[in-house]
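Colleague: Pasting my_file.pdb below, which is PDB, C-alpha atoms, pLDDT in the B column.
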ATOM      1  CA  MET A  83       0.000   0.000   0.000  1.00 33.00           C
ATOM      2  CA  MET A  84       1.415   3.375  -0.967  1.00 34.00           C
ATOM      3  CA  LEU A  85       2.000   5.602   2.027  1.00 34.00           C
ATOM      4  CA  LEU A  86      -0.023   8.817   2.062  1.00 33.00           C
ATOM      5  CA  LEU A  87       2.955  11.081   2.449  1.00 34.00           C
ATOM      6  CA  GLN A  88       3.162  14.653   1.253  1.00 37.00           C
ATOM      7  CA  PRO A  89       6.037  15.149  -1.216  1.00 40.00           C
ATOM      8  CA  THR A  90       8.483  17.873  -0.331  1.00 41.00           C
ATOM      9  CA  THR A  91       8.254  21.319  -1.841  1.00 43.00           C
ATOM     10  CA  ALA A  92      11.492  20.654  -3.688  1.00 45.00           C
ATOM     11  CA  THR A  93      10.068  17.468  -5.187  1.00 41.00           C
ATOM     12  CA  ARG A  94       6.899  19.222  -6.370  1.00 42.00           C
ATOM     13  CA  ALA A  95       8.928  22.030  -7.891  1.00 44.00           C
ATOM     14  CA  ALA A  96      11.306  19.618  -9.595  1.00 43.00           C
ATOM     15  CA  SER A  97       8.469  17.602 -11.112  1.00 42.00           C
ATOM     16  CA  ARG A  98       6.714  20.731 -12.388  1.00 41.00           C
ATOM     17  CA  ARG A  99       9.946  22.162 -13.773  1.00 44.00           C
ATOM     18  CA  ILE A 100      10.892  18.926 -15.558  1.00 42.00           C
ATOM     19  CA  TRP A 101       7.455  18.432 -17.075  1.00 41.00           C
ATOM     20  CA  ALA A 102       7.172  22.072 -18.141  1.00 40.00           C
ATOM     21  CA  GLN A 103      10.502  21.749 -19.906  1.00 43.00           C
ATOM     22  CA  CYS A 104       9.298  18.630 -21.730  1.00 41.00           C
ATOM     23  CA  ILE A 105       6.158  20.365 -22.922  1.00 36.00           C
ATOM     24  CA  ARG A 106       8.144  23.349 -24.168  1.00 37.00           C
ATOM     25  CA  THR A 107      10.483  21.059 -26.117  1.00 38.00           C
ATOM     26  CA  SER A 108       9.160  20.677 -29.623  1.00 33.00           C
ATOM     27  CA  SER A 109      10.811  17.274 -30.138  1.00 37.00           C
ATOM     28  CA  PHE A 110       8.731  15.836 -27.280  1.00 39.00           C
ATOM     29  CA  SER A 111       5.526  16.390 -29.211  1.00 37.00           C
ATOM     30  CA  THR A 112       5.273  14.046 -32.202  1.00 37.00           C
ATOM     31  CA  SER A 113       3.839  15.492 -35.366  1.00 34.00           C
ATOM     32  CA  LEU A 114       1.231  13.448 -37.206  1.00 35.00           C
ATOM     33  CA  GLU A 115       3.177  14.081 -40.390  1.00 39.00           C
ATOM     34  CA  ALA A 116       6.474  12.742 -39.003  1.00 43.00           C
ATOM     35  CA  PRO A 117       7.861   9.614 -40.681  1.00 45.00           C
ATOM     36  CA  ALA A 118       7.070   6.460 -38.697  1.00 41.00           C
ATOM     37  CA  GLU A 119      10.711   5.790 -37.852  1.00 42.00           C
ATOM     38  CA  GLU A 120      11.031   9.271 -36.328  1.00 54.00           C
ATOM     39  CA  ARG A 121       8.025   8.998 -34.027  1.00 75.00           C
ATOM     40  CA  GLN A 122       8.756   8.691 -30.349  1.00 84.00           C
ATOM     41  CA  ARG A 123       7.165   5.982 -28.249  1.00 90.00           C
ATOM     42  CA  PHE A 124       6.898   5.719 -24.482  1.00 93.00           C
ATOM     43  CA  ALA A 125       6.924   2.013 -23.617  1.00 96.00           C
ATOM     44  CA  LEU A 126       6.737   0.011 -20.402  1.00 96.00           C
ATOM     45  CA  ILE A 127       7.942  -3.524 -19.819  1.00 96.00           C
ATOM     46  CA  LEU A 128       6.143  -5.555 -17.145  1.00 95.00           C
ATOM     47  CA  GLY A 129       6.958  -8.994 -15.808  1.00 92.00           C
ATOM     48  CA  LYS A 130       7.604 -11.032 -12.699  1.00 90.00           C
ATOM     49  CA  PRO A 131      10.993 -10.782 -10.968  1.00 84.00           C
ATOM     50  CA  GLY A 132      13.250 -13.356 -12.610  1.00 84.00           C
ATOM     51  CA  GLY A 133      11.005 -13.497 -15.674  1.00 88.00           C
ATOM     52  CA  GLY A 134      13.549 -12.257 -18.182  1.00 88.00           C
ATOM     53  CA  LYS A 135      12.782  -8.530 -18.316  1.00 90.00           C
ATOM     54  CA  GLY A 136      16.476  -7.677 -18.314  1.00 87.00           C
ATOM     55  CA  THR A 137      17.250 -10.113 -21.124  1.00 89.00           C
ATOM     56  CA  ILE A 138      14.321  -8.951 -23.265  1.00 94.00           C
ATOM     57  CA  SER A 139      15.163  -5.290 -22.605  1.00 94.00           C
ATOM     58  CA  LYS A 140      18.742  -5.808 -23.818  1.00 93.00           C
ATOM     59  CA  LYS A 141      17.481  -7.427 -27.005  1.00 96.00           C
ATOM     60  CA  ILE A 142      15.052  -4.546 -27.581  1.00 96.00           C
ATOM     61  CA  LEU A 143      17.811  -1.965 -27.127  1.00 96.00           C
ATOM     62  CA  ASN A 144      20.007  -3.869 -29.559  1.00 96.00           C
ATOM     63  CA  ASP A 145      17.345  -4.045 -32.295  1.00 96.00           C
ATOM     64  CA  PHE A 146      15.620  -0.726 -31.580  1.00 95.00           C
ATOM     65  CA  PRO A 147      18.411   1.785 -30.852  1.00 93.00           C
ATOM     66  CA  GLN A 148      15.848   4.598 -30.768  1.00 93.00           C
ATOM     67  CA  PHE A 149      14.923   3.392 -27.264  1.00 94.00           C
ATOM     68  CA  HIS A 150      16.563   4.687 -24.097  1.00 93.00           C
ATOM     69  CA  HIS A 151      16.159   2.232 -21.206  1.00 93.00           C
ATOM     70  CA  VAL A 152      15.121   3.640 -17.828  1.00 91.00           C
ATOM     71  CA  SER A 153      15.292   1.214 -14.899  1.00 88.00           C
ATOM     72  CA  THR A 154      13.718   3.101 -12.017  1.00 88.00           C
ATOM     73  CA  GLY A 155      15.423   0.916  -9.408  1.00 85.00           C
ATOM     74  CA  ASP A 156      18.865   1.587 -10.868  1.00 86.00           C
ATOM     75  CA  LEU A 157      18.006   5.251 -11.374  1.00 89.00           C
ATOM     76  CA  LEU A 158      16.870   5.693  -7.792  1.00 89.00           C
ATOM     77  CA  ARG A 159      20.013   4.050  -6.402  1.00 87.00           C
ATOM     78  CA  GLN A 160      22.187   6.240  -8.635  1.00 89.00           C
ATOM     79  CA  HIS A 161      20.519   9.443  -7.427  1.00 91.00           C
ATOM     80  CA  VAL A 162      20.964   8.346  -3.811  1.00 90.00           C
ATOM     81  CA  ARG A 163      24.642   7.505  -4.401  1.00 90.00           C
ATOM     82  CA  ASP A 164      25.250  10.826  -6.177  1.00 93.00           C
ATOM     83  CA  GLY A 165      23.484  12.809  -3.472  1.00 93.00           C
ATOM     84  CA  THR A 166      21.262  14.736  -5.888  1.00 91.00           C
ATOM     85  CA  PRO A 167      18.369  16.800  -4.452  1.00 91.00           C
ATOM     86  CA  LEU A 168      15.856  14.161  -5.574  1.00 89.00           C
ATOM     87  CA  GLY A 169      18.151  11.410  -4.287  1.00 90.00           C
ATOM     88  CA  LYS A 170      18.402  13.065  -0.876  1.00 92.00           C
ATOM     89  CA  ASP A 171      14.606  13.350  -0.686  1.00 91.00           C
ATOM     90  CA  ALA A 172      14.229   9.673  -1.641  1.00 90.00           C
ATOM     91  CA  LYS A 173      16.855   8.561   0.887  1.00 90.00           C
ATOM     92  CA  LYS A 174      14.859  10.087   3.755  1.00 91.00           C
ATOM     93  CA  PHE A 175      11.951   7.776   2.988  1.00 88.00           C
ATOM     94  CA  MET A 176      14.170   4.765   2.305  1.00 86.00           C
ATOM     95  CA  ASP A 177      16.099   5.214   5.565  1.00 87.00           C
ATOM     96  CA  ALA A 178      12.781   5.366   7.416  1.00 86.00           C
ATOM     97  CA  GLY A 179      11.668   2.111   5.782  1.00 80.00           C
ATOM     98  CA  GLU A 180       8.935   3.924   3.865  1.00 83.00           C
ATOM     99  CA  LEU A 181       7.960   3.789   0.211  1.00 80.00           C
ATOM    100  CA  VAL A 182       9.222   6.603  -1.995  1.00 87.00           C
ATOM    101  CA  PRO A 183       6.169   8.771  -2.916  1.00 89.00           C
ATOM    102  CA  ASP A 184       4.788   8.472  -6.441  1.00 86.00           C
ATOM    103  CA  GLU A 185       5.383  12.113  -7.299  1.00 87.00           C
ATOM    104  CA  LEU A 186       9.057  11.836  -6.404  1.00 89.00           C
ATOM    105  CA  MET A 187       9.456   8.679  -8.520  1.00 88.00           C
ATOM    106  CA  ILE A 188       7.794  10.420 -11.461  1.00 87.00           C
ATOM    107  CA  GLY A 189      10.155  13.354 -10.946  1.00 87.00           C
ATOM    108  CA  LEU A 190      13.113  10.956 -11.217  1.00 87.00           C
ATOM    109  CA  VAL A 191      11.702   9.446 -14.409  1.00 87.00           C
ATOM    110  CA  MET A 192      11.017  12.821 -16.002  1.00 86.00           C
ATOM    111  CA  GLU A 193      14.456  14.170 -15.140  1.00 87.00           C
ATOM    112  CA  GLU A 194      16.034  11.179 -16.869  1.00 88.00           C
ATOM    113  CA  ALA A 195      13.564  11.343 -19.763  1.00 86.00           C
ATOM    114  CA  THR A 196      13.949  15.019 -20.668  1.00 84.00           C
ATOM    115  CA  PRO A 197      17.395  15.024 -22.366  1.00 90.00           C
ATOM    116  CA  ASN A 198      16.584  11.809 -24.223  1.00 88.00           C
ATOM    117  CA  LEU A 199      13.253  13.163 -25.431  1.00 82.00           C
ATOM    118  CA  GLU A 200      15.042  16.277 -26.612  1.00 85.00           C
ATOM    119  CA  ASP A 201      17.368  14.008 -28.614  1.00 89.00           C
ATOM    120  CA  GLY A 202      14.366  12.346 -30.259  1.00 87.00           C
ATOM    121  CA  LYS A 203      14.692   9.082 -28.323  1.00 91.00           C
ATOM    122  CA  SER A 204      11.843   6.771 -27.381  1.00 93.00           C
ATOM    123  CA  LEU A 205      11.734   5.489 -23.788  1.00 93.00           C
ATOM    124  CA  LEU A 206      11.567   1.966 -22.364  1.00 95.00           C
ATOM    125  CA  LEU A 207      10.607   2.168 -18.689  1.00 94.00           C
ATOM    126  CA  ASP A 208      11.186  -0.749 -16.322  1.00 92.00           C
ATOM    127  CA  GLY A 209      10.126  -0.915 -12.656  1.00 88.00           C
ATOM    128  CA  PHE A 210       7.463   1.790 -12.481  1.00 89.00           C
ATOM    129  CA  PRO A 211       4.501   1.991 -12.289  1.00 91.00           C
ATOM    130  CA  ARG A 212       3.576  -1.046 -10.211  1.00 85.00           C
ATOM    131  CA  THR A 213      -0.006  -0.141  -9.295  1.00 87.00           C
ATOM    132  CA  VAL A 214      -2.984   1.427 -11.055  1.00 91.00           C
ATOM    133  CA  VAL A 215      -2.717   4.460  -8.767  1.00 89.00           C
ATOM    134  CA  GLN A 216       0.870   4.981  -9.905  1.00 89.00           C
ATOM    135  CA  ALA A 217      -0.116   4.436 -13.547  1.00 93.00           C
ATOM    136  CA  LYS A 218      -2.782   7.131 -13.336  1.00 92.00           C
ATOM    137  CA  GLU A 219      -0.309   9.519 -11.718  1.00 87.00           C
ATOM    138  CA  LEU A 220       2.225   8.819 -14.460  1.00 88.00           C
ATOM    139  CA  ASP A 221      -0.440   9.482 -17.100  1.00 89.00           C
ATOM    140  CA  LYS A 222      -0.737  13.033 -15.805  1.00 87.00           C
ATOM    141  CA  SER A 223       2.870  13.597 -16.902  1.00 83.00           C
ATOM    142  CA  MET A 224       3.342  11.319 -19.893  1.00 85.00           C
ATOM    143  CA  HIS A 225       1.132   9.177 -22.125  1.00 89.00           C
ATOM    144  CA  VAL A 226       2.091   5.494 -22.272  1.00 94.00           C
ATOM    145  CA  ASP A 227       2.003   4.255 -25.882  1.00 95.00           C
ATOM    146  CA  LEU A 228       3.086   0.624 -25.531  1.00 97.00           C
ATOM    147  CA  VAL A 229       3.157  -1.946 -22.727  1.00 97.00           C
ATOM    148  CA  ILE A 230       5.055  -5.231 -23.086  1.00 98.00           C
ATOM    149  CA  ASN A 231       3.789  -7.758 -20.541  1.00 97.00           C
ATOM    150  CA  LEU A 232       5.960 -10.857 -20.097  1.00 95.00           C
ATOM    151  CA  ASP A 233       3.627 -13.570 -18.833  1.00 94.00           C
ATOM    152  CA  ILE A 234       6.041 -16.272 -17.675  1.00 93.00           C
ATOM    153  CA  PRO A 235       4.725 -19.278 -15.679  1.00 93.00           C
ATOM    154  CA  THR A 236       5.487 -19.068 -11.971  1.00 92.00           C
ATOM    155  CA  ASP A 237       6.865 -22.635 -11.909  1.00 92.00           C
ATOM    156  CA  THR A 238       9.394 -21.734 -14.618  1.00 91.00           C
ATOM    157  CA  ILE A 239      10.672 -18.761 -12.623  1.00 91.00           C
ATOM    158  CA  VAL A 240      10.815 -20.726  -9.362  1.00 91.00           C
ATOM    159  CA  GLU A 241      12.930 -23.397 -11.047  1.00 88.00           C
ATOM    160  CA  ARG A 242      15.134 -20.770 -12.709  1.00 86.00           C
ATOM    161  CA  ILE A 243      15.829 -18.810  -9.522  1.00 85.00           C
ATOM    162  CA  ALA A 244      16.172 -21.880  -7.308  1.00 83.00           C
ATOM    163  CA  ASP A 245      18.892 -23.031  -9.723  1.00 86.00           C
ATOM    164  CA  ARG A 246      20.870 -19.814  -9.170  1.00 87.00           C
ATOM    165  CA  TRP A 247      24.004 -19.829  -7.030  1.00 92.00           C
ATOM    166  CA  ILE A 248      26.351 -16.916  -6.392  1.00 92.00           C
ATOM    167  CA  HIS A 249      29.883 -16.122  -5.338  1.00 93.00           C
ATOM    168  CA  PRO A 250      29.228 -13.558  -2.563  1.00 90.00           C
ATOM    169  CA  ALA A 251      32.508 -11.662  -2.785  1.00 91.00           C
ATOM    170  CA  SER A 252      32.352 -10.946  -6.532  1.00 91.00           C
ATOM    171  CA  GLY A 253      28.624 -11.233  -7.273  1.00 84.00           C
ATOM    172  CA  ARG A 254      29.281 -13.802 -10.018  1.00 90.00           C
ATOM    173  CA  VAL A 255      26.117 -15.788 -10.739  1.00 88.00           C
ATOM    174  CA  TYR A 256      25.929 -19.422 -11.870  1.00 91.00           C
ATOM    175  CA  SER A 257      23.085 -21.667 -12.937  1.00 87.00           C
ATOM    176  CA  TYR A 258      23.438 -25.428 -13.115  1.00 85.00           C
ATOM    177  CA  SER A 259      20.984 -25.596 -16.021  1.00 80.00           C
ATOM    178  CA  TYR A 260      22.678 -23.138 -18.413  1.00 77.00           C
ATOM    179  CA  LYS A 261      25.819 -21.586 -16.833  1.00 85.00           C
ATOM    180  CA  PRO A 262      27.313 -24.128 -14.428  1.00 92.00           C
ATOM    181  CA  PRO A 263      30.594 -23.630 -12.586  1.00 94.00           C
ATOM    182  CA  LYS A 264      33.565 -25.641 -13.825  1.00 95.00           C
ATOM    183  CA  VAL A 265      33.713 -27.409 -10.460  1.00 95.00           C
ATOM    184  CA  HIS A 266      30.455 -28.181  -8.698  1.00 94.00           C
ATOM    185  CA  GLY A 267      29.823 -25.730  -5.858  1.00 94.00           C
ATOM    186  CA  LYS A 268      32.979 -23.678  -6.513  1.00 96.00           C
ATOM    187  CA  ASP A 269      33.589 -20.245  -8.052  1.00 96.00           C
ATOM    188  CA  ASP A 270      35.462 -20.484 -11.382  1.00 96.00           C
ATOM    189  CA  VAL A 271      37.936 -17.736 -10.490  1.00 96.00           C
ATOM    190  CA  THR A 272      38.683 -18.151  -6.799  1.00 96.00           C
ATOM    191  CA  GLY A 273      37.579 -21.716  -6.078  1.00 96.00           C
ATOM    192  CA  GLU A 274      35.611 -20.407  -3.106  1.00 96.00           C
ATOM    193  CA  PRO A 275      32.230 -21.955  -2.201  1.00 96.00           C
ATOM    194  CA  LEU A 276      29.067 -20.813  -3.965  1.00 95.00           C
ATOM    195  CA  VAL A 277      25.970 -20.025  -1.914  1.00 94.00           C
ATOM    196  CA  GLN A 278      22.284 -19.665  -2.535  1.00 88.00           C
ATOM    197  CA  ARG A 279      20.710 -16.462  -1.302  1.00 83.00           C
ATOM    198  CA  PRO A 280      17.992 -17.077   1.300  1.00 82.00           C
ATOM    199  CA  ASP A 281      15.506 -15.149  -0.860  1.00 80.00           C
ATOM    200  CA  ASP A 282      16.152 -17.595  -3.724  1.00 84.00           C
ATOM    201  CA  GLU A 283      14.748 -20.582  -1.849  1.00 83.00           C
ATOM    202  CA  PRO A 284      11.752 -21.968  -3.788  1.00 87.00           C
ATOM    203  CA  GLU A 285       9.048 -21.304  -1.179  1.00 87.00           C
ATOM    204  CA  LYS A 286      10.188 -17.698  -0.751  1.00 87.00           C
ATOM    205  CA  VAL A 287      10.370 -17.137  -4.507  1.00 88.00           C
ATOM    206  CA  ARG A 288       6.849 -18.496  -4.985  1.00 91.00           C
ATOM    207  CA  ALA A 289       5.501 -16.248  -2.217  1.00 89.00           C
ATOM    208  CA  ARG A 290       7.082 -13.168  -3.854  1.00 87.00           C
ATOM    209  CA  LEU A 291       5.665 -14.076  -7.243  1.00 90.00           C
ATOM    210  CA  ASN A 292       2.179 -14.580  -5.828  1.00 89.00           C
ATOM    211  CA  LEU A 293       2.330 -11.116  -4.259  1.00 86.00           C
ATOM    212  CA  TYR A 294       3.486  -9.684  -7.587  1.00 87.00           C
ATOM    213  CA  ASP A 295       0.543 -11.281  -9.401  1.00 88.00           C
ATOM    214  CA  GLU A 296      -1.931  -9.892  -6.888  1.00 88.00           C
ATOM    215  CA  ALA A 297      -0.490  -6.380  -7.100  1.00 83.00           C
ATOM    216  CA  THR A 298       0.081  -6.276 -10.855  1.00 88.00           C
ATOM    217  CA  PHE A 299      -3.049  -7.942 -12.265  1.00 91.00           C
ATOM    218  CA  PRO A 300      -5.093  -4.700 -11.958  1.00 94.00           C
ATOM    219  CA  LEU A 301      -2.247  -2.811 -13.687  1.00 95.00           C
ATOM    220  CA  VAL A 302      -2.265  -5.278 -16.601  1.00 95.00           C
ATOM    221  CA  GLU A 303      -6.045  -4.900 -16.856  1.00 96.00           C
ATOM    222  CA  PHE A 304      -5.718  -1.092 -16.760  1.00 96.00           C
ATOM    223  CA  TYR A 305      -3.321  -0.939 -19.696  1.00 97.00           C
ATOM    224  CA  HIS A 306      -5.224  -3.653 -21.567  1.00 96.00           C
ATOM    225  CA  GLY A 307      -8.326  -1.502 -21.221  1.00 96.00           C
ATOM    226  CA  ASN A 308      -6.379   1.428 -22.657  1.00 95.00           C
ATOM    227  CA  GLY A 309      -5.590  -0.654 -25.731  1.00 96.00           C
ATOM    228  CA  VAL A 310      -1.805  -0.350 -25.392  1.00 97.00           C
ATOM    229  CA  LEU A 311      -0.809  -3.694 -23.802  1.00 97.00           C
ATOM    230  CA  LYS A 312       0.367  -6.894 -25.461  1.00 97.00           C
ATOM    231  CA  SER A 313       1.085 -10.032 -23.406  1.00 97.00           C
ATOM    232  CA  PHE A 314       3.715 -12.551 -24.427  1.00 97.00           C
ATOM    233  CA  GLN A 315       3.641 -16.082 -23.003  1.00 95.00           C
ATOM    234  CA  GLY A 316       6.462 -18.582 -22.894  1.00 93.00           C
ATOM    235  CA  THR A 317       9.296 -20.063 -20.885  1.00 91.00           C
ATOM    236  CA  GLN A 318      12.357 -19.024 -22.919  1.00 90.00           C
ATOM    237  CA  SER A 319      13.440 -15.491 -23.785  1.00 90.00           C
ATOM    238  CA  ASP A 320      14.878 -16.571 -27.132  1.00 91.00           C
ATOM    239  CA  VAL A 321      11.461 -17.905 -28.134  1.00 94.00           C
ATOM    240  CA  ILE A 322       9.451 -14.987 -26.754  1.00 96.00           C
ATOM    241  CA  TYR A 323      11.606 -12.179 -28.098  1.00 96.00           C
ATOM    242  CA  PRO A 324      10.913 -12.635 -31.856  1.00 97.00           C
ATOM    243  CA  GLU A 325       7.223 -12.079 -31.082  1.00 97.00           C
ATOM    244  CA  VAL A 326       8.084  -8.944 -29.108  1.00 97.00           C
ATOM    245  CA  GLN A 327      10.266  -7.731 -31.969  1.00 97.00           C
ATOM    246  CA  ASP A 328       7.521  -8.272 -34.557  1.00 97.00           C
ATOM    247  CA  TRP A 329       4.997  -6.385 -32.436  1.00 96.00           C
ATOM    248  CA  LEU A 330       7.327  -3.439 -31.892  1.00 96.00           C
ATOM    249  CA  ASP A 331       8.077  -3.329 -35.627  1.00 94.00           C
ATOM    250  CA  GLU A 332       4.341  -3.066 -36.245  1.00 93.00           C
ATOM    251  CA  GLN A 333       3.902  -0.322 -33.648  1.00 92.00           C
ATOM    252  CA  PHE A 334       6.654   1.834 -35.107  1.00 88.00           C
ATOM    253  CA  GLU A 335       5.071   1.487 -38.550  1.00 85.00           C
ATOM    254  CA  ILE A 336       1.674   2.761 -37.371  1.00 69.00           C
TER
END
Show the structure stored in the file as structure tokens.

Modeller:
Amino acid sequence: MMLLLQPTTATRAASRRIWAQCIRTSSFSTSLEAPAEERQRFALILGKPGGGKGTISKKILNDFPQFHHVSTGDLLRQHVRDGTPLGKDAKKFMDAGELVPDELMIGLVMEEATPNLEDGKSLLLDGFPRTVVQAKELDKSMHVDLVINLDIPTDTIVERIADRWIHPASGRVYSYSYKPPKVHGKDDVTGEPLVQRPDDEPEKVRARLNLYDEATFPLVEFYHGNGVLKSFQGTQSDVIYPEVQDWLDEQFEI
């Protein structure tokens, strides 16, 4: 549940300033006469944790260089590390164990979006919104044109994550099904033991995924009702992606 917290004056001002700048920028507004390849699109990618969003996003960026990828989780951590005004505001909530307010998150997105929109880029947003309330707030600042929903079976993700082992010191990740270590249970570089993160245990993964489904189903229905969402089912990214690619090709031709 999103906390009913009042955003700071600085956050409100930043959001208004960023959005006003976008509106004033002629490249942000797409002309009906513009060639299809020059039209900007604002896209979201949705999917369960461990469902291949990162892999699919990389493939999209490779084949559609007009996209700029915005991962709100990475962006938020970067602002906090850099000590920006928005990052300092966000850190106050994070340190208190509270959710970062929607308006502040939208401010972060718009600040990242502005220079890329000015350069004529399309945007691929990952990690926000996560609820219908957030989606409606985002709509006040920017219209969402396309939503890619990766509908991966829960059992597939549980098996995939439960098969993941890491080397804690380096962060190197191994999977016995597709990227096994050279020696069972040992890191390839140091020979040190591999461990499984407690959160990667099957029962904990399944519980997280069930919570995601409950929270995200209304969001999927919201964007489906807006006529901008396409769901892609499957268990392997290499099989799913060609369908995603074909759909995006069609959307950029419209």

Colleague: Starting from the PyMOL selection byres ((chain A and resi 151-162) around 12), expand the selection into actual residues of this file and give them as an mmCIF file with C-alpha atoms, keeping the file's coordinate frame.

Modeller:
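Result file follows (part-v7.cif):
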data_model
loop_
_atom_site.group_PDB
_atom_site.id
_atom_site.type_symbol
_atom_site.label_atom_id
_atom_site.label_comp_id
_atom_site.auth_asym_id
_atom_site.auth_seq_id
_atom_site.Cartn_x
_atom_site.Cartn_y
_atom_site.Cartn_z
ATOM 1 C CA PHE A 124 6.898 5.719 -24.482
ATOM 2 C CA ALA A 125 6.924 2.013 -23.617
ATOM 3 C CA LEU A 126 6.737 0.011 -20.402
ATOM 4 C CA ILE A 127 7.942 -3.524 -19.819
ATOM 5 C CA LEU A 128 6.143 -5.555 -17.145
ATOM 6 C CA LYS A 135 12.782 -8.530 -18.316
ATOM 7 C CA GLY A 136 16.476 -7.677 -18.314
ATOM 8 C CA ILE A 138 14.321 -8.951 -23.265
ATOM 9 C CA SER A 139 15.163 -5.290 -22.605
ATOM 10 C CA LYS A 140 18.742 -5.808 -23.818
ATOM 11 C CA LYS A 141 17.481 -7.427 -27.005
ATOM 12 C CA ILE A 142 15.052 -4.546 -27.581
ATOM 13 C CA LEU A 143 17.811 -1.965 -27.127
ATOM 14 C CA ASN A 144 20.007 -3.869 -29.559
ATOM 15 C CA PHE A 146 15.620 -0.726 -31.580
ATOM 16 C CA PRO A 147 18.411 1.785 -30.852
ATOM 17 C CA GLN A 148 15.848 4.598 -30.768
ATOM 18 C CA PHE A 149 14.923 3.392 -27.264
ATOM 19 C CA HIS A 150 16.563 4.687 -24.097
ATOM 20 C CA ARG A 163 24.642 7.505 -4.401
ATOM 21 C CA ASP A 164 25.250 10.826 -6.177
ATOM 22 C CA GLY A 165 23.484 12.809 -3.472
ATOM 23 C CA THR A 166 21.262 14.736 -5.888
ATOM 24 C CA PRO A 167 18.369 16.800 -4.452
ATOM 25 C CA LEU A 168 15.856 14.161 -5.574
ATOM 26 C CA GLY A 169 18.151 11.410 -4.287
ATOM 27 C CA LYS A 170 18.402 13.065 -0.876
ATOM 28 C CA ASP A 171 14.606 13.350 -0.686
ATOM 29 C CA ALA A 172 14.229 9.673 -1.641
ATOM 30 C CA LYS A 173 16.855 8.561 0.887
ATOM 31 C CA LYS A 174 14.859 10.087 3.755
ATOM 32 C CA PHE A 175 11.951 7.776 2.988
ATOM 33 C CA MET A 176 14.170 4.765 2.305
ATOM 34 C CA ASP A 177 16.099 5.214 5.565
ATOM 35 C CA VAL A 182 9.222 6.603 -1.995
ATOM 36 C CA ASP A 184 4.788 8.472 -6.441
ATOM 37 C CA LEU A 186 9.057 11.836 -6.404
ATOM 38 C CA MET A 187 9.456 8.679 -8.520
ATOM 39 C CA ILE A 188 7.794 10.420 -11.461
ATOM 40 C CA GLY A 189 10.155 13.354 -10.946
ATOM 41 C CA LEU A 190 13.113 10.956 -11.217
ATOM 42 C CA VAL A 191 11.702 9.446 -14.409
ATOM 43 C CA MET A 192 11.017 12.821 -16.002
ATOM 44 C CA GLU A 193 14.456 14.170 -15.140
ATOM 45 C CA GLU A 194 16.034 11.179 -16.869
ATOM 46 C CA ALA A 195 13.564 11.343 -19.763
ATOM 47 C CA THR A 196 13.949 15.019 -20.668
ATOM 48 C CA ASN A 198 16.584 11.809 -24.223
ATOM 49 C CA LYS A 203 14.692 9.082 -28.323
ATOM 50 C CA SER A 204 11.843 6.771 -27.381
ATOM 51 C CA LEU A 205 11.734 5.489 -23.788
ATOM 52 C CA LEU A 206 11.567 1.966 -22.364
ATOM 53 C CA LEU A 207 10.607 2.168 -18.689
ATOM 54 C CA ASP A 208 11.186 -0.749 -16.322
ATOM 55 C CA GLY A 209 10.126 -0.915 -12.656
ATOM 56 C CA PHE A 210 7.463 1.790 -12.481
ATOM 57 C CA PRO A 211 4.501 1.991 -12.289
ATOM 58 C CA ARG A 212 3.576 -1.046 -10.211
#

Colleague: Which residue out of A:Leu228, A:Leu276, A:Ala289, A:Ile239 has the minimum interatomic distance to Val310 in chain A when all atoms listed in the file are used?

Modeller: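 Smallest separation from Val310 in chain A among the options: A:Leu228.
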
Colleague: May I ask which of the residues A:His306, A:Arg288, A:Arg254, A:His225 is the closest one to Arg242 in chain A, counting all atoms listed in the file?

Modeller: A:Arg288

Colleague: Could you pull the residues within 8 Å of Ile243 in chain A, counting only C-alpha atoms, minus those fewer than 2 positions along the same chain, as a ChimeraX atom specification?

Modeller: /A:132,239-241,245-246,282-284,287

Colleague: For Glu274 in chain A, work out the shell of residues within 12 Å, counting all atoms listed in the file and skipping chain neighbours fewer than 4 positions away, then give it as a ChimeraX atom specification.

Modeller: /A:248-252,254,263,265-270

Colleague: Write the residues you've just listed into a file as a PDB file, keeping the file's coordinate frame, and include C-alpha atoms for each of them.

Modeller:
ATOM      1  CA  ILE A 248      26.351 -16.916  -6.392  1.00 92.00           C
ATOM      2  CA  HIS A 249      29.883 -16.122  -5.338  1.00 93.00           C
ATOM      3  CA  PRO A 250      29.228 -13.558  -2.563  1.00 90.00           C
ATOM      4  CA  ALA A 251      32.508 -11.662  -2.785  1.00 91.00           C
ATOM      5  CA  SER A 252      32.352 -10.946  -6.532  1.00 91.00           C
ATOM      6  CA  ARG A 254      29.281 -13.802 -10.018  1.00 90.00           C
ATOM      7  CA  PRO A 263      30.594 -23.630 -12.586  1.00 94.00           C
ATOM      8  CA  VAL A 265      33.713 -27.409 -10.460  1.00 95.00           C
ATOM      9  CA  HIS A 266      30.455 -28.181  -8.698  1.00 94.00           C
ATOM     10  CA  GLY A 267      29.823 -25.730  -5.858  1.00 94.00           C
ATOM     11  CA  LYS A 268      32.979 -23.678  -6.513  1.00 96.00           C
ATOM     12  CA  ASP A 269      33.589 -20.245  -8.052  1.00 96.00           C
ATOM     13  CA  ASP A 270      35.462 -20.484 -11.382  1.00 96.00           C
TER      14      ASP A 270
END

Colleague: Please, what is the axis-aligned box for every listed atom of range 308-327 of chain A with 6 Å on each side, as centre and edge lengths in Å to one decimal, as AutoDock Vina command-line options?

Modeller:
--center_x 4.2 --center_y -9.3 --center_z -26.4 --size_x 33.3 --size_y 33.5 --size_z 23.1

Colleague: Just need range 307-315 of chain A in a file, please: C-alpha atoms, as a CSV table (one decimal), in the first residue's frame.

Modeller:
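Here's the written file selection21.csv:
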chain,number,residue,atom,x,y,z
A,307,GLY,CA,-8.3,-1.5,-21.2
A,308,ASN,CA,-6.4,1.4,-22.7
A,309,GLY,CA,-5.6,-0.7,-25.7
A,310,VAL,CA,-1.8,-0.3,-25.4
A,311,LEU,CA,-0.8,-3.7,-23.8
A,312,LYS,CA,0.4,-6.9,-25.5
A,313,SER,CA,1.1,-10.0,-23.4
A,314,PHE,CA,3.7,-12.6,-24.4
A,315,GLN,CA,3.6,-16.1,-23.0
